[in-house]
Amino acid sequence: MRWTRAASRCLLALGLALTGCVAPDAEHDGESRGPLTLATAGDLTGYLGSVLEGWNRTHPRERVTLVELPDSADETHAQMVTDLREADRGRFDVLNIDVTWTAEFADAGWIRPLDPGRFSLKAFLRPVVDTATYDGRLYAVPYVTNAGLLLYRKDVLDKEGLPPPRTWAELERDAKTIAPKYGLEGYAGQFLPYEGLTVNAAEAVYSAGGTILGDEGDRVTVNSAPAREGIGFLARGVREGWIPKPALSYKEEESKQAFQDGRLLFLRNWSYAYAVASAPGSPVAGKIGAVRLPGPDGPGTSVLGGSDLAVNTHARHPDSASRLIAYLTSETVQRQVLTRGALPPVRAALYEDPDLVKRFPYLPTLRSSVLFAAPRPKSPRYDQVSLVVQAVVRDAMTGHETSEAAVERLARELAAIPHR
Ligand code: GLC
């Protein structure tokens with residue numbers, strides 16, 4: 001018996017040697033475990049290393065190495081796509097992808113379908129799970145969600161006896177008349193041509209009741225009065241000066257800095273900016289508030305932001321990749337995403353946790369902003385859709401084109417993108 005086992009081990013070893021296979025957890029083995037790399041866009045709050053240390057301490061044979069890519073969503077997208085196209089399978093095993101890339105990456109075959117049974121999807125906020133699916137299959141697992149908020153200088157509005165604006169008219173009035181009295185600029189968002197501008201433009205269009213694409217990207221719906229109104233709101237701000245010119249080069253960080261340095265009355269940004277600007281040491285700590293984005297007649301609509309974790313089709317150790325994703329979306333780590341990373345977690349129960357609500361009073365506002373947020377169109381060509389939106393809205397905001405002409409051009413150029 002002993003001899004037989006030993007012999008069969010030898011035969012197995014011989015067979016493996018002949019086929020050039022050196023380890024039982026070979027690349028084709030769906031159960032394989034081993035070290036990983038995790039690629040992510042810039043970690044703006046510098047927390048992810050400490051979270052991954054928690055995993056590395058307890059999983060020494062499946063250690064994960066963090067690869068931090070640029071802050072700009074578009075540059076990260078370009079670097080990930082270049083890597084995924086590498087003939088030798090690329091360097092990245094797990095990818096922290098923007099919620100808008102799932103369709104493109106899945107359609108191209110760069111990321112692999114995942115087994116929904118391995119993740120606690122039922123515990124997540126409902127709209128976020130949809131961002132991780134494509135063609136009826138799960139291709140990623142929601143990791144962080146996001147919604148835009150209006151940050152405002154509460155100290156200034158209090159002195160004026162004003163509530164935070166609920167409508168664009170109130171925001172424009174305060175940005176034009178109150179801000180200069182206090183030596184402040186009026187309003188900024190993320191207006192550099194990159195994904196941030198697409199987000200801000202989409203929010204303006206959605207808030208006015210319009211849409212950009214319909215039927216999951218198959219139909220162009222942007223040529224409408226609400227879209228003209230939305231783009232018109234942004235263009236008017238620059239023309240009239242209550243959106244300062246430097247804001248045309250802001251991404252998330254630059255706009256957050258302007259607000260945190262005490263230069264702005266109003267800022268549209270993701271909730272991390274509110275958390276960072278309210279933290280001890282910030283010049284505006286204790287002087288700011290956050291509300292839902294305004295719209296033409298009342299609260300407007302945020303775009304749904306955030307990122308999902310996906311596994312490279314050619315990941316070296318797919319089982320470890322799924323185990324890491326289950327860890328990062330566990331209740332413990334999702335709590336750290338909020339407490340250490342100042343980012344909105346995907347697990348619904350955390351938004352109602354009394355201790356967390358006490359520590360992060362903006363959680364209920366954030367929760368409703370996420371639940372009311374509108375997803376960007378799901379399209380395998382989303383990258384091209386976004387580039388068109390950025391270019392056209394830029395021209396409207398710099399006064400090179402009227403909002404009417406911009407919306408017509410947007411409709412024409414979007415229609416020219418083959419959506420499938
Ligand atoms: C944030 C959002 C992401 C969005 C990006 C735009 O990272 O989470 O969804 O695309 O900002 O700059």
# chains A, B, ... in the order shown; residues from 1 in each chain; ligands from 1
>>> residues_near_ligand(ligand="ligand 1", cutoff="6 Å", atoms="only C-alpha atoms and all ligand atoms", output="list of chain:residue names")
A:Ala73, A:Asp98, A:Val99, A:Asn146, A:Glu195, A:Gly196, A:Gly305, A:Gly306, A:Ser307
>>> write_last_selection(atoms="N, CA, C and O atoms", output="PDB file, in the first residue's frame")
ATOM      1  N   ALA A  73      -9.047  59.430 -12.999  1.00  0.00           N
ATOM      2  CA  ALA A  73      -9.707  58.195 -13.437  1.00  0.00           C
ATOM      3  C   ALA A  73      -9.276  57.823 -14.859  1.00  0.00           C
ATOM      4  O   ALA A  73      -9.037  56.653 -15.159  1.00  0.00           O
ATOM      5  N   ASP A  98     -13.164  51.580 -11.720  1.00  0.00           N
ATOM      6  CA  ASP A  98     -14.262  52.538 -11.589  1.00  0.00           C
ATOM      7  C   ASP A  98     -15.555  51.820 -11.979  1.00  0.00           C
ATOM      8  O   ASP A  98     -15.554  50.961 -12.875  1.00  0.00           O
ATOM      9  N   VAL A  99     -16.656  52.195 -11.320  1.00  0.00           N
ATOM     10  CA  VAL A  99     -17.925  51.516 -11.605  1.00  0.00           C
ATOM     11  C   VAL A  99     -18.340  51.592 -13.078  1.00  0.00           C
ATOM     12  O   VAL A  99     -19.128  50.778 -13.536  1.00  0.00           O
ATOM     13  N   ASN A 146     -20.099  55.931  -4.017  1.00  0.00           N
ATOM     14  CA  ASN A 146     -19.807  57.352  -3.974  1.00  0.00           C
ATOM     15  C   ASN A 146     -21.001  58.144  -4.485  1.00  0.00           C
ATOM     16  O   ASN A 146     -21.725  57.683  -5.375  1.00  0.00           O
ATOM     17  N   GLU A 195     -12.816  62.267 -16.583  1.00  0.00           N
ATOM     18  CA  GLU A 195     -14.075  61.668 -16.131  1.00  0.00           C
ATOM     19  C   GLU A 195     -14.838  62.575 -15.151  1.00  0.00           C
ATOM     20  O   GLU A 195     -16.062  62.589 -15.116  1.00  0.00           O
ATOM     21  N   GLY A 196     -14.097  63.332 -14.349  1.00  0.00           N
ATOM     22  CA  GLY A 196     -14.745  64.225 -13.383  1.00  0.00           C
ATOM     23  C   GLY A 196     -15.661  65.235 -14.073  1.00  0.00           C
ATOM     24  O   GLY A 196     -16.739  65.560 -13.561  1.00  0.00           O
ATOM     25  N   GLY A 305     -20.995  57.101  -8.093  1.00  0.00           N
ATOM     26  CA  GLY A 305     -19.565  56.859  -8.275  1.00  0.00           C
ATOM     27  C   GLY A 305     -19.147  55.607  -7.543  1.00  0.00           C
ATOM     28  O   GLY A 305     -19.976  54.827  -7.093  1.00  0.00           O
ATOM     29  N   GLY A 306     -17.847  55.435  -7.424  1.00  0.00           N
ATOM     30  CA  GLY A 306     -17.339  54.308  -6.660  1.00  0.00           C
ATOM     31  C   GLY A 306     -16.524  53.359  -7.507  1.00  0.00           C
ATOM     32  O   GLY A 306     -16.283  53.605  -8.700  1.00  0.00           O
ATOM     33  N   SER A 307     -16.095  52.278  -6.874  1.00  0.00           N
ATOM     34  CA  SER A 307     -15.261  51.312  -7.592  1.00  0.00           C
ATOM     35  C   SER A 307     -15.613  49.889  -7.177  1.00  0.00           C
ATOM     36  O   SER A 307     -16.121  49.648  -6.079  1.00  0.00           O
TER      37      SER A 307
END
>>> residues_around(residues="Leu371 of chain A", least_positions_apart="4", cutoff="12 Å", atoms="only C-alpha atoms", output="PDB file with N, CA and C atoms, in the first residue's frame")
ATOM      1  N   PHE A 124     -25.302  44.485   0.529  1.00  0.00           N
ATOM      2  CA  PHE A 124     -24.824  45.741  -0.056  1.00  0.00           C
ATOM      3  C   PHE A 124     -25.992  46.665  -0.391  1.00  0.00           C
ATOM      4  N   LEU A 125     -25.694  47.970  -0.485  1.00  0.00           N
ATOM      5  CA  LEU A 125     -26.703  48.920  -0.965  1.00  0.00           C
ATOM      6  C   LEU A 125     -27.115  48.470  -2.366  1.00  0.00           C
ATOM      7  N   ARG A 126     -28.399  48.487  -2.630  1.00  0.00           N
ATOM      8  CA  ARG A 126     -28.903  47.884  -3.860  1.00  0.00           C
ATOM      9  C   ARG A 126     -28.297  48.435  -5.166  1.00  0.00           C
ATOM     10  N   PRO A 127     -28.271  49.784  -5.350  1.00  0.00           N
ATOM     11  CA  PRO A 127     -27.824  50.271  -6.673  1.00  0.00           C
ATOM     12  C   PRO A 127     -26.373  49.925  -7.003  1.00  0.00           C
ATOM     13  N   VAL A 128     -25.558  49.659  -5.973  1.00  0.00           N
ATOM     14  CA  VAL A 128     -24.142  49.448  -6.270  1.00  0.00           C
ATOM     15  C   VAL A 128     -23.894  48.085  -6.911  1.00  0.00           C
ATOM     16  N   THR A 145     -18.659  52.890  -2.682  1.00  0.00           N
ATOM     17  CA  THR A 145     -19.647  53.603  -3.484  1.00  0.00           C
ATOM     18  C   THR A 145     -19.347  55.093  -3.353  1.00  0.00           C
ATOM     19  N   ASN A 146     -20.099  55.931  -4.017  1.00  0.00           N
ATOM     20  CA  ASN A 146     -19.807  57.352  -3.974  1.00  0.00           C
ATOM     21  C   ASN A 146     -21.001  58.144  -4.485  1.00  0.00           C
ATOM     22  N   ALA A 147     -21.178  59.318  -3.901  1.00  0.00           N
ATOM     23  CA  ALA A 147     -22.186  60.231  -4.419  1.00  0.00           C
ATOM     24  C   ALA A 147     -21.659  61.638  -4.215  1.00  0.00           C
ATOM     25  N   GLY A 148     -22.014  62.522  -5.132  1.00  0.00           N
ATOM     26  CA  GLY A 148     -21.579  63.909  -5.021  1.00  0.00           C
ATOM     27  C   GLY A 148     -22.406  64.647  -3.987  1.00  0.00           C
ATOM     28  N   ARG A 292     -27.340  67.522  -0.066  1.00  0.00           N
ATOM     29  CA  ARG A 292     -27.482  66.944  -1.405  1.00  0.00           C
ATOM     30  C   ARG A 292     -27.266  68.028  -2.453  1.00  0.00           C
ATOM     31  N   THR A 301     -29.692  65.558  -8.742  1.00  0.00           N
ATOM     32  CA  THR A 301     -29.326  64.146  -8.812  1.00  0.00           C
ATOM     33  C   THR A 301     -27.818  64.005  -8.908  1.00  0.00           C
ATOM     34  N   SER A 302     -27.264  63.187  -8.042  1.00  0.00           N
ATOM     35  CA  SER A 302     -25.837  62.887  -8.146  1.00  0.00           C
ATOM     36  C   SER A 302     -25.646  61.723  -9.103  1.00  0.00           C
ATOM     37  N   VAL A 303     -24.454  61.657  -9.661  1.00  0.00           N
ATOM     38  CA  VAL A 303     -24.058  60.467 -10.408  1.00  0.00           C
ATOM     39  C   VAL A 303     -23.572  59.444  -9.386  1.00  0.00           C
ATOM     40  N   LEU A 304     -23.814  58.176  -9.658  1.00  0.00           N
ATOM     41  CA  LEU A 304     -23.314  57.127  -8.767  1.00  0.00           C
ATOM     42  C   LEU A 304     -21.840  56.874  -9.081  1.00  0.00           C
ATOM     43  N   GLY A 305     -20.995  57.101  -8.093  1.00  0.00           N
ATOM     44  CA  GLY A 305     -19.565  56.859  -8.275  1.00  0.00           C
ATOM     45  C   GLY A 305     -19.147  55.607  -7.543  1.00  0.00           C
ATOM     46  N   VAL A 346     -19.884  49.933   0.965  1.00  0.00           N
ATOM     47  CA  VAL A 346     -20.993  49.406   0.157  1.00  0.00           C
ATOM     48  C   VAL A 346     -22.011  48.642   0.998  1.00  0.00           C
ATOM     49  N   ALA A 348     -24.924  48.175   3.477  1.00  0.00           N
ATOM     50  CA  ALA A 348     -26.035  49.049   3.871  1.00  0.00           C
ATOM     51  C   ALA A 348     -26.094  49.274   5.381  1.00  0.00           C
ATOM     52  N   TYR A 351     -24.476  52.306   7.378  1.00  0.00           N
ATOM     53  CA  TYR A 351     -25.054  53.662   7.323  1.00  0.00           C
ATOM     54  C   TYR A 351     -26.035  53.906   8.462  1.00  0.00           C
ATOM     55  N   PRO A 364     -26.218  59.829   6.994  1.00  0.00           N
ATOM     56  CA  PRO A 364     -27.587  59.755   6.446  1.00  0.00           C
ATOM     57  C   PRO A 364     -27.748  60.541   5.131  1.00  0.00           C
ATOM     58  N   THR A 365     -27.083  61.737   5.040  1.00  0.00           N
ATOM     59  CA  THR A 365     -27.149  62.518   3.792  1.00  0.00           C
ATOM     60  C   THR A 365     -26.500  61.730   2.655  1.00  0.00           C
ATOM     61  N   LEU A 366     -25.371  61.112   2.981  1.00  0.00           N
ATOM     62  CA  LEU A 366     -24.648  60.340   1.977  1.00  0.00           C
ATOM     63  C   LEU A 366     -25.481  59.155   1.504  1.00  0.00           C
ATOM     64  N   ARG A 367     -26.113  58.482   2.469  1.00  0.00           N
ATOM     65  CA  ARG A 367     -26.926  57.316   2.131  1.00  0.00           C
ATOM     66  C   ARG A 367     -28.029  57.710   1.147  1.00  0.00           C
ATOM     67  N   PRO A 375     -26.930  56.047 -12.202  1.00  0.00           N
ATOM     68  CA  PRO A 375     -25.718  55.451 -12.786  1.00  0.00           C
ATOM     69  C   PRO A 375     -25.382  56.097 -14.119  1.00  0.00           C
TER      70      PRO A 375
END
>>> residues_around(residues="segment 316-330 of chain A", least_positions_apart="3", cutoff="10 Å", atoms="only C-alpha atoms", output="ChimeraX atom specification")
/A:25-38,51-52,54-56,59,61-64,89,91-96,112,114-115,118-121,123-124,140-144,308-313,333-337,345-347
>>> select_by_dssp(residues="segment 133-170 of chain A", states="strand (DSSP E)", output="list in words")
Thr133, Tyr134, Arg137, Leu138, Val141, Pro142, Tyr143, Val144, Thr145, Asn146, Ala147, Gly148, Leu149, Leu150, Leu151, Tyr152 and Arg153 of chain A
>>> atom_distance(atom1="atom CA of Ile178 of chain A", atom2="atom CA of Val284 of chain A")
17.4 Å
>>> residues_around(residues="His77 of chain A", least_positions_apart="5", cutoff="9 Å", atoms="only C-alpha atoms", output="list of chain:residue names")
A:Ala41, A:Ser72, A:Thr82, A:Ile97, A:Asp98, A:Trp101, A:Asp383
>>> closest_residue(among="A:Arg376, A:Arg173, A:Lys256, A:Arg268", to="Tyr187 of chain A", atoms="only C-alpha atoms")
A:Arg268
>>> closest_residue(among="A:Thr177, A:Ser278, A:Ser271, A:Asn223", to="Leu157 of chain A", atoms="only C-alpha atoms")
A:Thr177
>>> select_by_dssp(residues="segment 7-135 of chain A", states="alpha helix (DSSP H)", output="number ranges by chain")
A: 7-18, 48-58, 73-84, 102-107, 126-130
>>> closest_residue(among="A:Thr402, A:Ala78, A:Ala132, A:Asp83", to="Thr102 of chain A", atoms="only C-alpha atoms")
A:Ala132
>>> residues_around(residues="Leu48 of chain A", least_positions_apart="5", cutoff="10 Å", atoms="only C-alpha atoms", output="mmCIF file with C-alpha atoms, in the first residue's frame")
data_model
loop_
_atom_site.group_PDB
_atom_site.id
_atom_site.type_symbol
_atom_site.label_atom_id
_atom_site.label_comp_id
_atom_site.auth_asym_id
_atom_site.auth_seq_id
_atom_site.Cartn_x
_atom_site.Cartn_y
_atom_site.Cartn_z
ATOM 1 C CA THR A 40 -5.975 50.903 -7.913
ATOM 2 C CA ASP A 43 -5.450 56.289 -2.819
ATOM 3 C CA GLU A 53 -1.422 44.831 5.900
ATOM 4 C CA LEU A 66 -0.425 47.335 -3.947
ATOM 5 C CA GLU A 68 -1.079 52.681 -7.019
ATOM 6 C CA GLN A 336 -12.260 50.588 7.891
ATOM 7 C CA VAL A 337 -13.050 51.936 4.419
ATOM 8 C CA ARG A 340 -9.651 55.017 7.875
ATOM 9 C CA GLY A 341 -10.316 55.889 4.231
#
>>> atom_distance(atom1="atom CA of Ala235 of chain A", atom2="atom CA of Asp395 of chain A")
9.0 Å
